[in-house]
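A.B. asks: Can you keep this structure in mind? I'll have questions shortly.
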Amino acid sequence: MEINYKIQFPEIMKGKKMLYVHGFASSGQSGTVVKLREMLPGATVVAPDLPIHPGEAVQLLRDTCLAEKPDLIIGTSMGGMYAEMLYGYDRILVNPAFQMGDTMLKHGMVGKNTFLNPRRDGVQDFIVTKALVEEYKAVTAQCFAGVTEEESRERVYGLFGDEDPVVHTMDIFAAHYRNAVSFHGGHRMNDKILLHSVIPVIRWIDDRQEGRTRPIVYIAVDALRDARGNQQSSAMKAYRFLLEHYTIYVVAPSPAGAPGYFADTMAWVEEVVNVPAWNHVVFTNRKDLLYGDYLIDPSADLGAADFVGTRIAFGDDTFKTWEEIIEFFGRLGGQ
């Protein structure tokens, strides 16, 4: 495992049910299922073994949804393709294989395969024939048939690894759904992707389902990076700590006559903060007009001195480092 310490979020999806839809040659006993149950101990995670034939798998998943009534569905790769078709539920699709038949041919999946994880029926091997590939092509042709405006706008998120060598379906997803998010990582789910990319999205969905609002913290981009553009020490540690209790926005100035500034700033934030900053970046020259509870900013300029909430002057004698800011917010207990 890539993370050698135990991290839990007992309040996320507490008392709720999640359906996990595994990928090709995997099972409901995958390591991802184990980690989801460890990280979200307040939730129940249902993870059936999928039949090899796609029509049977779709029927099993629809029957499972009717019986279990999941509050959230997470599908990875092939499972992301299946999850897209489970309309009426909140869903997260991670590297969804919307062109599964073509993917099987391109990556040499025809022939004998061995399951990567044990299955409840004890079967270890299976054969992919050309006829089975055609079955997958027929099923994937049914994707997006039931997309509604509500689902497109807020109920479905697609997460796409920027180093995925297997599937490249972000553009296909974005043609039907609005929430297409790039994350740092490859095709297979691992602990780092789960912790830093998937868990934040689960938190957003849980908050929306509960009508939960969190205190707002604005962080000036110049508090996250130094004059050379390097990440401040412990900045991301603090960011992830704050995410547990607060809604965070990154704030940057909006300079006139500097067209490259916007793209460069967004690229830096997306590279360093990544998924948690998606749709959470604000460009403004009037920080006094920001509505929120805290502003972490090394400068009093652009209206920061008149911010309506509490301004934390990063770098001054009280808050010289992000470790001191972590200590300060730790004492607040989410207030």
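Just remember, in the structure tokens the first chain shown is A, the second B, etc., residues are 1-based per chain, and ligands are 1-based in the order shown.
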Do you know which residues are at most 9 Å from Cys143 in chain A counting only C-alpha atoms, after dropping those on the same chain fewer than 6 positions away, and could you put them as a list in words?

C.D. replies: Met81, Tyr82, Glu84, Met85 and Phe98 of chain A

A.B. asks: Name all residues at most 8 Å from Ala220 in chain A (count only C-alpha atoms; drop same-chain ones fewer than 4 positions away) and give them as a list in words.

C.D. replies: Leu224, Val250, Val251, Ala252, Leu295, Ile296, Asp297 and Pro298 of chain A

A.B. asks: Got a sec to tell me which of range 105-180 of chain A DSSP assigns to helix (DSSP H, G or I), as a list in words?

C.D. replies: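 Everything in range 105-180 of chain A that counts as helix (DSSP H, G or I) is Leu105, Lys106, Lys130, Ala131, Leu132, Val133, Glu134, Glu135, Tyr136, Lys137, Ala138, Val139, Thr140, Glu149, Glu150, Glu151, Ser152, Arg153, Glu154, Arg155, Met170, Asp171, Ile172, Phe173 and Ala174 of chain A.
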
A.B. asks: When you count only C-alpha atoms, which of these residues is closest to Ala97 in chain A: A:Pro259, A:Gly158, A:Gly333, A:Pro70?

C.D. replies: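 The answer is A:Gly158, which sits nearest to Ala97 in chain A.
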
A.B. asks: Could you give me, as JSON lines, every range 219-247 of chain A residue with an atom at most 12 Å from range 204-213 of chain A, plus its closest atom pair and distance in Å to one decimal, counting only C-alpha atoms, rows ordered by chain then number?

C.D. replies:
```
{"residue": "A:Leu243", "atom": "CA", "partner": "A:Trp204", "partner_atom": "CA", "distance": 10.4}
{"residue": "A:Glu244", "atom": "CA", "partner": "A:Trp204", "partner_atom": "CA", "distance": 11.0}
{"residue": "A:His245", "atom": "CA", "partner": "A:Thr213", "partner_atom": "CA", "distance": 9.8}
{"residue": "A:Tyr246", "atom": "CA", "partner": "A:Thr213", "partner_atom": "CA", "distance": 8.6}
{"residue": "A:Thr247", "atom": "CA", "partner": "A:Thr213", "partner_atom": "CA", "distance": 8.1}
```

A.B. asks: Grab the CA of His22 in chain A to CA of Gly75 in chain A distance for me, in Å with one decimal place.

C.D. replies: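 That distance, rounded to one decimal, is 6.1 Å.
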
A.B. asks: Take CA of Asp49 in chain A and CA of Val34 in chain A and report the distance between them in Å, one decimal.

C.D. replies: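 According to the coordinates, CA of Asp49 in chain A and CA of Val34 in chain A are separated by 14.3 Å.
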
A.B. asks: Let me make sure I understand: among A:Leu332, A:Ala263, A:Tyr218, A:Val45, which one has the smallest atom-to-atom distance to Asp288 in chain A if we use only C-alpha atoms?

C.D. replies: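 Under the stated criterion, the closest residue is A:Tyr218.
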
A.B. asks: Out of A:Ala57, A:Leu116, A:Ala304, A:Val273, which residue has the shortest atom-to-atom distance to Arg188 in chain A when counting only C-alpha atoms?

C.D. replies: A:Leu116
